[in-house]
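S.K.: Handing you a structure now.
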Number of protein chains: 2
Amino acid sequence: MLERARSLDAADPQASFRHRFDVPEGVIYLDGNSLGCLPKATPARLEQVVRGEWGRDLIRSWNSADWIHLPQRVGAKIAPLIGAQPHEVIACDSVSVNLYKLISAALAMRPGRKTVLSEPGNFPTDVYMIEGLEKQGLAQRRLVAREELAGALDDNVALLMLTHAHYKTGQLFDMEALTRAAHEAGALVLWDLSHSGGALPVDLTACEADFAVGCGYKYLNGGPGAPAYAFVAQRHHEAIAQPLSGWMGHAKPFEFSDDYTPAAGVDRLLCGTPGILGLAALEVGVDLIAEIGVERLYAKSQKLSEFFRQCLSEADVELELVSPADPVQRGSQLSFRHGDAYAICQALIARGVIGDFRDPDILRFGFAPAYLRFEDMAEAVRHLAEVIETGEWQRSVFRERAAVT
Amino acid sequence: MLERARSLDAADPQASFRHRFDVPEGVIYLDGNSLGCLPKATPARLEQVVRGEWGRDLIRSWNSADWIHLPQRVGAKIAPLIGAQPHEVIACDSVSVNLYKLISAALAMRPGRKTVLSEPGNFPTDVYMIEGLEKQGLAQRRLVAREELAGALDDNVALLMLTHAHYKTGQLFDMEALTRAAHEAGALVLWDLSHSGGALPVDLTACEADFAVGCGYKYLNGGPGAPAYAFVAQRHHEAIAQPLSGWMGHAKPFEFSDDYTPAAGVDRLLCGTPGILGLAALEVGVDLIAEIGVERLYAKSQKLSEFFRQCLSEADVELELVSPADPVQRGSQLSFRHGDAYAICQALIARGVIGDFRDPDILRFGFAPAYLRFEDMAEAVRHLAEVIETGEWQRSVFRERAAVT
C-alpha cells in the first residue's frame, strides 16, 4: 500500500501545496475538518498585524491598515469558494451568532410563519440556536428525519435550515433540490457550510440559496475559534433585518446616533467591533485555499478517501461505514461506527494518527485535501489495523475521557 | 512645564511599567481608551499559541493547552479588577453580543416588565442592542436624561442599563446609589464597564450589581477587537437564561445532544467556539494590568489628568471642558468641546499626539495610566497650544474625514 501511495503522491500535481502548511513531523492529521493546519504564512502576517499595525500604528490602523473593512474583505475572498458574489459574504462573529442573526432575519421576512425546520442530529449549535429563538417565543423548532424533510415543508415553515455536509457522517444534502422545494412551499433556506465550504464545490447562487453560514477554522485554516462567515443573497439585501444591531452594523457608526439605521447589505450583519487578530489569520487561510482552488481540492479529497477505503479493504479491517459509500454523496471525510470508537481514537492519537471521536460511537477521519498525502492514508490504515488487531485500544489509558472529546 | 513633568516622572514609582509596553517612539498616545498599547509580552505569547499550540499540537490543544477553559480563565483574572468573584466573569464575544445576552436574561427574570431604561447619548451599541430586542417585541427602550433616571424607575422597568464612565465625557455614574434605587423599584441593573474596567476601581459586589459587561481592547490592552467580558452576580447563576444558546454554553457540549441544557453559571453565556488568538492576547493584557493594580492606576490617572489641566492653564489654552472638573467624578479621560474638534485632532495626530475625536465636536484625551508619563502631558499640551495658536488645524488636509473618525 505504501509503495502505491508514494507513487500516487509523486504523480500528484497538488502535492507541493502541503509545503505551504506547517504540518507537524510524525503526525498524520485527519482532523482538518475540526481544526485546519497552520498555513506557513500565518505567523508572519500575525507578527505584522501585532507589532506593526497594533503596536506601532495603534488606533490609526482602523484607517491606514483598513481594519474597518476587514470583515468585508475576508468575506469577499470567501465568496467565490461558495458560489457567492463578493458583496454577499461577510466574515464576523461565530457560526452560532451568525445563525441567530439569519434565523431571526428569515422569521421577520415570513410573518405568520414560525416553524424553523431542521433535522435531528444536525450539528448541536444549529438546533440550539433555533431553540433560543423558540424560548423567546419567536420560533417553533421542528426536527424531521432527512428523508421526510421535503414532505414536512408546510405553510408554517418560515425557514429550512440544514448543514450541507453532516458533521458526523459527511452525508451531503441535495442543496439545489431542497432549496427549490422550500421555495415552492414559500419558505426560505439557510445552509450551514461548516463542513463543506472550502472543501467541496458549493454554488449558492446556482442553488438560489437565501442564507448561509460557515466556519473559519476547519477547511479554511483560519486558526482556533476563527471568525465565521455569513451569506445573504443579494435579492434579500434590502429586506433583511437582524436583532443583534450593534454599532458596527450601523450605516454611520461614527456619527454616534441614538437610533439604529442599518448599513447596506451584509454590512448590517456586523454587530460589535470585529476581532482583528482572528480575521487577519483567517485571511491567510482563505487566500491559500483560494489559490489552490476548490475544484482541485474536491477532486483530491475524493481520491484520498477512496484510497483510504481501498487500504482498509486490503488490510482486512472491517469497520461499519456510516458515511455514504458513493464519494459524490459525501463531504471530505469518512466515518465509521464502533462501540469503542473513543478508545480506538485515543490509541491512534498516541501513535500520531489524529482523527476524531464523535459521541457516542463514531470514529471520524477528515481528509483535508490541501495538505494530506496518499502516504498518510496508507500509514493511517496501517496504524488502525494494528490498533484493532493488537487490541491496544483496550488499555485503560485510552478510555479516560478528556474535557474535549 | 516639561521640567516639572520630568521630575514628577522621576519620582513616580509606577514609571517602570511603561517599559512593559511597546509605546512607539515619537508618539504621545492619548487614545488608550480606544485601543490600548501592545504589551511587550504579547507577541511572544501569540507566537507560542500560533506555532506551538495551533501549529504543532493542533486539535489536541483544546485539552493540552486548556483552550476549552480560556474564557473562564481570562474571566477569572478580570474579576478582581471589577470587584467580582472569579466564577462570576467570563471572557467571550463582543460587548454588543454580551449586552444582548444579558438584557435578554434580565427581561426573562422580570416577567410583566418590558422597559429597559438607559440615557440618551449612552454609547451607541448599548442603546442599539436594546433597540434590537424592541424590534423583536421583547423590550421597550426608554432613554431618560441622567439626572432624571432615578425618578424614571417605575414598575415597568425590568432593567436599568448604563455605562459607568461615559465614553465622551468620562462622567461617572454613582454605581452604588443607582443600583440601590433600581433594586428598590424592582429592576435589575447592568453596568457597561468599557470605559472604567481596568482604569478605575469598580466594586460590583459592594454595589450589588446584577450584570456587567466590559471591553477587552481599551484599558485591558487586549488588542484590536479583543473579546469582551460579561459578569453575572452569583445570586443569579441559577436563574439566568439567554437566547444565544450555542453549543459552548451547553452543560455537556461533547455529548452532541439535540436539546440544550445550559451549563452552570456564567458558562452558559458562551455561545460559539471562542476565538483563541484574541483570548490569548487579552490574557497578557489582563495579567499586566492586574500586576500593576487598579488602585495604583487610578491614582496615577487622576494625577495625570490634573497635571494636564494645569499645563493647559499655564499655556493659556482655553477649551471648554465637558468632563467633570472634579477628578473623582470622571474616568481616566478629559474631553473638550470645540467646533473644529475634528481638524484639531487631525493636526495633533500629524504631530504624533494621538487623541480622539467624537462626533460632532468633542476632543477626547484618554490617560491610560499604565504607560503614560507626566512628560507626555506637558508635551501634548505644548503641541495643542501650538496647533491652536498657529491655526495649523485650519489646513484643508486636516478636515478630510476618514472612514473611522
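Simple scheme: letters A, B, ... for chains in C-alpha cells order, numbers from 1 for residues in each chain, numbers from 1 for ligands in the order shown.
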Pull out every residue of chain B sitting within 6 Å of chain A, counting only C-alpha atoms, and send them as a ChimeraX atom specification.
M.R.: /B:24,35,38,55-56,59,94,96,124-125,128-129,132,224-226,243-247,255-256,258,260,272-276,359
S.K.: Give the superposed chain B as a compact mmCIF listing (two decimals) with C-alpha atoms, in the first residue's frame, the fit being least squares on chain A over all ordered C-alpha pairs.
M.R.:
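Wrote result_10.txt, looks like this:
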```txt
# COMPACT_ATOMS: atom_id res chain seq x y z
CA MET B 1 0.01 -0.01 -0.01
CA LEU B 2 2.75 2.38 0.99
CA GLU B 3 4.56 1.99 -2.30
CA ARG B 4 1.42 2.64 -4.32
CA ALA B 5 0.63 5.61 -2.10
CA ARG B 6 4.05 7.10 -2.74
CA SER B 7 3.73 6.78 -6.47
CA LEU B 8 0.31 8.46 -6.28
CA ASP B 9 1.91 11.28 -4.31
CA ALA B 10 4.75 11.57 -6.80
CA ALA B 11 2.22 11.98 -9.61
CA ASP B 12 0.01 14.41 -7.69
CA PRO B 13 0.14 17.93 -9.17
CA GLN B 14 -1.16 19.33 -5.88
CA ALA B 15 1.48 17.70 -3.70
CA SER B 16 3.51 20.88 -3.42
CA PHE B 17 0.77 22.73 -1.54
CA ARG B 18 1.50 20.60 1.52
CA HIS B 19 4.67 22.63 1.95
CA ARG B 20 2.65 25.79 2.38
CA PHE B 21 1.35 24.35 5.66
CA ASP B 22 3.15 23.69 8.89
CA VAL B 23 2.19 20.01 9.22
CA PRO B 24 3.96 18.66 12.31
CA GLU B 25 6.54 15.91 11.89
CA GLY B 26 5.36 12.48 12.92
CA VAL B 27 1.70 13.39 12.72
CA ILE B 28 -0.92 12.12 10.31
CA TYR B 29 -3.59 14.73 10.69
CA LEU B 30 -7.06 13.51 9.83
CA ASP B 31 -8.85 16.22 11.77
CA GLY B 32 -8.58 19.22 9.48
CA ASN B 33 -12.38 19.25 9.50
CA SER B 34 -12.20 20.11 13.19
CA LEU B 35 -9.19 22.47 13.22
CA GLY B 36 -7.27 23.09 10.01
CA CYS B 37 -3.46 23.14 9.93
CA LEU B 38 -1.42 26.30 10.29
CA PRO B 39 -0.51 27.94 6.96
CA LYS B 40 3.19 28.78 6.97
CA ALA B 41 2.41 32.38 6.04
CA THR B 42 0.21 32.96 9.10
CA PRO B 43 2.80 33.66 11.83
CA ALA B 44 4.51 36.38 9.80
CA ARG B 45 1.20 38.02 8.94
CA LEU B 46 0.15 37.99 12.58
CA GLU B 47 3.51 39.40 13.60
CA GLN B 48 2.92 42.24 11.15
CA VAL B 49 -0.58 42.88 12.49
CA VAL B 50 0.53 42.71 16.12
CA ARG B 51 3.86 44.56 16.06
CA GLY B 52 3.20 46.85 13.12
CA GLU B 53 -0.48 47.60 12.83
CA TRP B 54 -1.37 47.36 16.51
CA GLY B 55 1.94 48.09 18.26
CA ARG B 56 3.30 50.87 16.06
CA ASP B 57 0.31 52.38 14.24
CA LEU B 58 -2.19 51.79 17.02
CA ILE B 59 -5.66 53.29 16.57
CA ARG B 60 -4.70 54.72 13.15
CA SER B 61 -4.75 51.21 11.68
CA TRP B 62 -8.54 51.26 11.53
CA ASN B 63 -7.94 53.55 8.57
CA SER B 64 -4.32 53.01 7.46
CA ALA B 65 -4.46 49.21 7.53
CA ASP B 66 -8.17 49.29 6.64
CA TRP B 67 -9.12 47.17 9.65
CA ILE B 68 -12.56 48.70 9.34
CA HIS B 69 -13.21 46.79 6.11
CA LEU B 70 -11.53 43.52 7.08
CA PRO B 71 -14.87 41.68 7.62
CA GLN B 72 -15.95 42.67 4.10
CA ARG B 73 -12.54 41.96 2.55
CA VAL B 74 -12.29 38.47 4.00
CA GLY B 75 -15.93 37.82 3.16
CA ALA B 76 -15.33 38.82 -0.46
CA LYS B 77 -12.46 36.35 -0.65
CA ILE B 78 -14.61 33.54 0.76
CA ALA B 79 -17.42 34.32 -1.68
CA PRO B 80 -16.02 32.58 -4.79
CA LEU B 81 -15.36 29.42 -2.74
CA ILE B 82 -19.09 29.08 -2.10
CA GLY B 83 -20.54 30.41 -5.33
CA ALA B 84 -21.43 33.82 -3.98
CA GLN B 85 -20.77 37.37 -5.10
CA PRO B 86 -18.15 39.31 -3.13
CA HIS B 87 -20.68 41.69 -1.58
CA GLU B 88 -22.90 38.83 -0.39
CA VAL B 89 -20.49 37.47 2.24
CA ILE B 90 -19.08 38.94 5.45
CA ALA B 91 -16.68 37.42 7.99
CA CYS B 92 -17.57 38.06 11.63
CA ASP B 93 -18.58 36.56 14.97
CA SER B 94 -19.14 32.81 15.33
CA VAL B 95 -21.27 30.39 13.32
CA SER B 96 -23.68 30.28 16.25
CA VAL B 97 -24.10 34.05 16.50
CA ASN B 98 -24.49 34.33 12.72
CA LEU B 99 -27.14 31.60 12.78
CA TYR B 100 -29.10 33.61 15.31
CA LYS B 101 -28.95 36.71 13.12
CA LEU B 102 -30.06 34.91 9.97
CA ILE B 103 -32.78 32.76 11.55
CA SER B 104 -34.16 35.96 13.05
CA ALA B 105 -33.95 37.73 9.70
CA ALA B 106 -35.75 34.87 7.95
CA LEU B 107 -38.56 34.80 10.54
CA ALA B 108 -39.08 38.53 10.14
CA MET B 109 -39.38 38.03 6.37
CA ARG B 110 -42.11 35.41 6.74
CA PRO B 111 -44.67 36.95 9.10
CA GLY B 112 -47.33 34.47 10.14
CA ARG B 113 -44.93 31.52 9.88
CA LYS B 114 -42.92 30.44 12.88
CA THR B 115 -41.54 27.00 12.09
CA VAL B 116 -37.82 26.57 11.57
CA LEU B 117 -37.34 23.13 10.07
CA SER B 118 -34.17 21.11 10.53
CA GLU B 119 -33.15 17.51 11.15
CA PRO B 120 -32.41 15.72 14.42
CA GLY B 121 -28.69 15.13 14.76
CA ASN B 122 -27.83 18.32 12.91
CA PHE B 123 -24.78 19.95 14.48
CA PRO B 124 -25.90 20.86 18.01
CA THR B 125 -25.29 24.58 17.89
CA ASP B 126 -27.57 24.87 14.84
CA VAL B 127 -30.54 23.32 16.57
CA TYR B 128 -29.75 25.09 19.85
CA MET B 129 -29.89 28.47 18.14
CA ILE B 130 -33.41 27.68 16.92
CA GLU B 131 -34.23 26.65 20.47
CA GLY B 132 -33.02 30.03 21.75
CA LEU B 133 -35.51 31.80 19.48
CA GLU B 134 -38.19 29.32 20.45
CA LYS B 135 -37.75 30.17 24.13
CA GLN B 136 -38.15 33.84 23.20
CA GLY B 137 -41.50 32.90 21.65
CA LEU B 138 -40.30 33.87 18.19
CA ALA B 139 -39.82 30.47 16.52
CA GLN B 140 -41.04 26.92 16.60
CA ARG B 141 -38.38 24.31 16.19
CA ARG B 142 -39.27 21.25 14.19
CA LEU B 143 -36.79 18.43 13.63
CA VAL B 144 -37.68 15.90 10.97
CA ALA B 145 -35.62 13.00 9.62
CA ARG B 146 -33.83 13.95 6.41
CA GLU B 147 -35.84 11.67 4.15
CA GLU B 148 -39.05 13.34 5.36
CA LEU B 149 -37.93 16.95 5.16
CA ALA B 150 -39.40 17.74 1.74
CA GLY B 151 -42.78 16.42 2.85
CA ALA B 152 -42.66 18.49 6.04
CA LEU B 153 -42.49 21.80 4.18
CA ASP B 154 -45.94 23.08 5.07
CA ASP B 155 -47.13 26.66 5.18
CA ASN B 156 -45.96 27.15 8.75
CA VAL B 157 -42.34 26.77 7.73
CA ALA B 158 -40.54 30.10 7.59
CA LEU B 159 -37.08 28.63 7.21
CA LEU B 160 -35.46 25.35 6.25
CA MET B 161 -32.09 25.25 7.96
CA LEU B 162 -29.67 22.43 7.25
CA THR B 163 -25.99 21.60 7.31
CA HIS B 164 -24.80 20.80 3.80
CA ALA B 165 -22.30 18.09 4.81
CA HIS B 166 -23.25 16.31 8.03
CA TYR B 167 -20.61 16.74 10.72
CA LYS B 168 -20.73 13.12 11.79
CA THR B 169 -21.24 11.20 8.57
CA GLY B 170 -20.27 13.67 5.87
CA GLN B 171 -23.54 12.88 4.06
CA LEU B 172 -24.51 15.67 1.70
CA PHE B 173 -27.90 17.18 1.15
CA ASP B 174 -29.03 17.94 -2.38
CA MET B 175 -28.80 21.66 -1.90
CA GLU B 176 -30.47 22.60 -5.14
CA ALA B 177 -33.46 20.26 -4.84
CA LEU B 178 -34.16 21.09 -1.18
CA THR B 179 -33.81 24.80 -1.76
CA ARG B 180 -36.28 24.58 -4.62
CA ALA B 181 -38.72 22.51 -2.57
CA ALA B 182 -38.53 25.02 0.27
CA HIS B 183 -39.10 27.95 -2.05
CA GLU B 184 -42.09 26.21 -3.61
CA ALA B 185 -43.52 25.93 -0.11
CA GLY B 186 -42.91 29.63 0.50
CA ALA B 187 -40.04 29.06 2.92
CA LEU B 188 -36.53 30.48 2.96
CA VAL B 189 -33.39 28.35 3.22
CA LEU B 190 -30.26 28.70 5.33
CA TRP B 191 -27.32 26.39 4.62
CA ASP B 192 -24.62 25.74 7.17
CA LEU B 193 -21.46 25.20 5.13
CA SER B 194 -19.17 24.48 8.08
CA HIS B 195 -18.27 21.01 6.78
CA SER B 196 -18.29 21.81 3.09
CA GLY B 197 -17.11 25.39 2.47
CA GLY B 198 -13.53 25.29 1.21
CA ALA B 199 -13.56 21.51 0.74
CA LEU B 200 -16.19 20.89 -1.90
CA PRO B 201 -17.70 22.99 -4.63
CA VAL B 202 -20.71 24.88 -3.33
CA ASP B 203 -22.78 27.08 -5.60
CA LEU B 204 -25.13 29.15 -3.49
CA THR B 205 -26.07 31.30 -6.47
CA ALA B 206 -26.99 28.41 -8.76
CA CYS B 207 -28.99 26.79 -5.95
CA GLU B 208 -30.72 30.10 -5.26
CA ALA B 209 -29.93 29.77 -1.58
CA ASP B 210 -31.18 32.59 0.62
CA PHE B 211 -28.76 32.49 3.51
CA ALA B 212 -25.67 30.58 4.55
CA VAL B 213 -23.11 30.48 7.33
CA GLY B 214 -19.79 28.71 7.56
CA CYS B 215 -16.82 28.06 9.77
CA GLY B 216 -13.40 29.70 9.52
CA TYR B 217 -11.34 27.19 11.48
CA LYS B 218 -11.95 23.96 9.60
CA TYR B 219 -11.22 23.77 5.88
CA LEU B 220 -10.37 27.47 5.70
CA ASN B 221 -7.47 27.03 8.15
CA GLY B 222 -8.18 30.26 10.01
CA GLY B 223 -7.00 29.08 13.42
CA PRO B 224 -8.73 28.03 16.65
CA GLY B 225 -12.06 29.78 17.04
CA ALA B 226 -11.51 31.83 13.87
CA PRO B 227 -14.33 34.18 12.89
CA ALA B 228 -17.15 32.63 10.88
CA TYR B 229 -18.85 33.95 7.75
CA ALA B 230 -22.39 34.71 6.71
CA PHE B 231 -24.00 34.94 3.28
CA VAL B 232 -27.17 36.76 2.26
CA ALA B 233 -28.34 36.56 -1.36
CA GLN B 234 -28.35 39.99 -2.96
CA ARG B 235 -32.11 39.87 -3.58
CA HIS B 236 -32.65 39.99 0.20
CA HIS B 237 -30.24 42.81 0.92
CA GLU B 238 -32.96 45.42 1.24
CA ALA B 239 -35.27 43.25 3.29
CA ILE B 240 -33.03 41.72 5.92
CA ALA B 241 -33.16 42.97 9.47
CA GLN B 242 -31.48 41.26 12.39
CA PRO B 243 -31.75 41.91 16.11
CA LEU B 244 -28.04 41.92 17.03
CA SER B 245 -27.97 45.50 15.82
CA GLY B 246 -24.60 46.58 17.16
CA TRP B 247 -22.80 49.75 16.24
CA MET B 248 -20.62 48.18 13.54
CA GLY B 249 -23.74 47.28 11.57
CA HIS B 250 -24.93 50.89 11.60
CA ALA B 251 -24.96 52.87 8.35
CA LYS B 252 -22.88 55.61 9.98
CA PRO B 253 -21.33 54.19 13.14
CA PHE B 254 -19.10 57.18 13.74
CA GLU B 255 -21.97 59.62 13.89
CA PHE B 256 -22.84 58.02 17.26
CA SER B 257 -26.57 58.50 16.84
CA ASP B 258 -29.02 57.19 19.46
CA ASP B 259 -31.03 55.46 16.75
CA TYR B 260 -30.05 52.49 14.66
CA THR B 261 -30.03 52.79 10.87
CA PRO B 262 -28.82 49.56 9.30
CA ALA B 263 -25.87 49.64 6.94
CA ALA B 264 -26.37 48.40 3.38
CA GLY B 265 -26.48 44.68 2.56
CA VAL B 266 -24.44 42.21 4.57
CA ASP B 267 -22.69 45.03 6.45
CA ARG B 268 -25.74 45.15 8.68
CA LEU B 269 -24.84 41.69 9.92
CA LEU B 270 -21.92 43.22 11.79
CA CYS B 271 -22.53 43.68 15.49
CA GLY B 272 -19.62 44.58 17.79
CA THR B 273 -16.05 45.56 16.99
CA PRO B 274 -14.56 42.81 14.81
CA GLY B 275 -11.68 40.72 16.18
CA ILE B 276 -8.77 41.80 14.03
CA LEU B 277 -6.26 39.13 15.04
CA GLY B 278 -8.69 36.36 14.19
CA LEU B 279 -9.72 37.96 10.90
CA ALA B 280 -6.10 38.51 9.85
CA ALA B 281 -5.25 34.84 10.44
CA LEU B 282 -8.41 33.75 8.63
CA GLU B 283 -7.50 35.86 5.62
CA VAL B 284 -4.22 33.96 5.17
CA GLY B 285 -6.03 30.63 5.26
CA VAL B 286 -8.67 31.78 2.80
CA ASP B 287 -6.06 33.16 0.41
CA LEU B 288 -4.30 29.82 0.36
CA ILE B 289 -7.44 27.75 -0.25
CA ALA B 290 -8.49 30.18 -2.99
CA GLU B 291 -5.07 29.83 -4.61
CA ILE B 292 -5.32 26.01 -4.70
CA GLY B 293 -8.94 26.11 -5.82
CA VAL B 294 -11.93 24.23 -4.50
CA GLU B 295 -12.44 22.05 -7.60
CA ARG B 296 -8.94 20.67 -7.32
CA LEU B 297 -9.27 20.19 -3.59
CA TYR B 298 -12.52 18.32 -4.03
CA ALA B 299 -11.10 16.01 -6.70
CA LYS B 300 -8.17 15.16 -4.48
CA SER B 301 -10.27 14.62 -1.37
CA GLN B 302 -12.38 12.09 -3.23
CA LYS B 303 -9.27 10.26 -4.38
CA LEU B 304 -7.85 10.31 -0.85
CA SER B 305 -10.96 8.91 0.77
CA GLU B 306 -11.41 6.22 -1.87
CA PHE B 307 -7.77 5.23 -1.48
CA PHE B 308 -8.28 5.08 2.29
CA ARG B 309 -11.15 2.64 1.75
CA GLN B 310 -9.05 0.53 -0.61
CA CYS B 311 -6.32 0.35 2.01
CA LEU B 312 -8.86 -0.70 4.65
CA SER B 313 -10.11 -3.41 2.37
CA GLU B 314 -6.62 -4.69 1.58
CA ALA B 315 -5.73 -4.69 5.26
CA ASP B 316 -8.92 -6.63 6.04
CA VAL B 317 -10.07 -3.99 8.52
CA GLU B 318 -13.78 -4.34 8.90
CA LEU B 319 -15.50 -1.27 10.25
CA GLU B 320 -19.08 -0.19 9.73
CA LEU B 321 -19.03 2.76 7.33
CA VAL B 322 -21.62 5.36 8.28
CA SER B 323 -20.63 7.78 5.52
CA PRO B 324 -22.14 7.28 2.09
CA ALA B 325 -20.10 4.75 0.09
CA ASP B 326 -20.52 6.87 -3.03
CA PRO B 327 -17.98 9.70 -2.79
CA VAL B 328 -20.32 12.06 -4.63
CA GLN B 329 -22.76 11.75 -1.75
CA ARG B 330 -20.32 12.76 0.96
CA GLY B 331 -18.08 15.57 2.09
CA SER B 332 -14.35 15.30 2.64
CA GLN B 333 -14.50 12.66 5.37
CA LEU B 334 -15.18 9.03 6.24
CA SER B 335 -16.86 7.98 9.44
CA PHE B 336 -17.19 4.54 10.97
CA ARG B 337 -19.24 3.17 13.81
CA HIS B 338 -17.58 1.15 16.56
CA GLY B 339 -18.67 0.57 20.15
CA ASP B 340 -15.17 1.50 21.31
CA ALA B 341 -14.65 4.38 18.94
CA TYR B 342 -13.38 6.63 21.73
CA ALA B 343 -10.61 4.30 22.87
CA ILE B 344 -9.59 3.46 19.30
CA CYS B 345 -9.36 7.15 18.53
CA GLN B 346 -7.17 7.71 21.59
CA ALA B 347 -4.90 4.78 20.72
CA LEU B 348 -4.46 6.21 17.22
CA ILE B 349 -3.66 9.64 18.61
CA ALA B 350 -0.96 8.05 20.79
CA ARG B 351 0.55 6.77 17.54
CA GLY B 352 0.38 10.22 15.93
CA VAL B 353 -2.69 9.50 13.82
CA ILE B 354 -5.12 12.23 14.77
CA GLY B 355 -8.71 11.50 13.91
CA ASP B 356 -11.81 12.47 15.75
CA PHE B 357 -14.33 10.80 18.02
CA ARG B 358 -17.94 11.88 17.93
CA ASP B 359 -20.22 10.74 20.69
CA PRO B 360 -21.30 8.02 21.20
CA ASP B 361 -19.66 5.65 18.74
CA ILE B 362 -18.30 7.45 15.68
CA LEU B 363 -14.71 7.38 14.51
CA ARG B 364 -14.31 10.23 12.05
CA PHE B 365 -11.46 10.77 9.62
CA GLY B 366 -11.33 14.06 7.77
CA PHE B 367 -9.32 14.36 4.58
CA ALA B 368 -8.29 17.99 4.28
CA PRO B 369 -6.99 17.75 0.75
CA ALA B 370 -4.76 20.79 0.85
CA TYR B 371 -2.05 19.12 2.92
CA LEU B 372 -2.70 15.38 3.06
CA ARG B 373 -0.81 12.75 1.05
CA PHE B 374 -1.79 9.33 -0.19
CA GLU B 375 1.05 8.11 2.01
CA ASP B 376 -0.86 9.45 5.01
CA MET B 377 -3.84 7.29 4.04
CA ALA B 378 -1.74 4.14 3.79
CA GLU B 379 0.03 4.82 7.06
CA ALA B 380 -3.15 5.73 8.90
CA VAL B 381 -4.76 2.49 7.83
CA ARG B 382 -1.66 0.51 8.83
CA HIS B 383 -1.86 2.03 12.33
CA LEU B 384 -5.60 1.49 12.51
CA ALA B 385 -5.21 -2.16 11.52
CA GLU B 386 -2.50 -2.64 14.15
CA VAL B 387 -4.52 -0.93 16.86
CA ILE B 388 -7.50 -3.16 16.17
CA GLU B 389 -5.53 -6.38 15.67
CA THR B 390 -3.39 -5.99 18.77
CA GLY B 391 -6.28 -4.73 20.87
CA GLU B 392 -4.05 -1.98 22.24
CA TRP B 393 -7.08 0.34 22.35
CA GLN B 394 -8.35 -1.75 25.25
CA ARG B 395 -5.77 -0.25 27.59
CA SER B 396 -7.38 1.80 30.33
CA VAL B 397 -5.34 4.90 29.49
CA PHE B 398 -7.23 5.18 26.22
CA ARG B 399 -10.61 5.10 27.91
CA GLU B 400 -10.27 8.15 30.12
CA ARG B 401 -12.43 10.93 28.78
CA ALA B 402 -10.86 14.35 28.36
CA ALA B 403 -12.77 17.64 28.69
CA VAL B 404 -12.94 17.93 24.93
CA THR B 405 -13.57 14.65 23.20
```
S.K.: As JSON, numbers by chain, please: every residue in range 1-222 of chain B that DSSP puts in alpha helix (DSSP H).
M.R.: {"B": [2, 3, 4, 5, 6, 7, 8, 9, 10, 42, 43, 44, 45, 46, 47, 61, 62, 63, 64, 70, 71, 72, 73, 74, 75, 76, 77, 78, 95, 96, 97, 98, 99, 100, 101, 102, 103, 104, 105, 106, 107, 108, 109, 124, 125, 126, 127, 128, 129, 130, 131, 132, 133, 134, 135, 175, 176, 177, 178, 179, 180, 181, 182, 183, 184]}
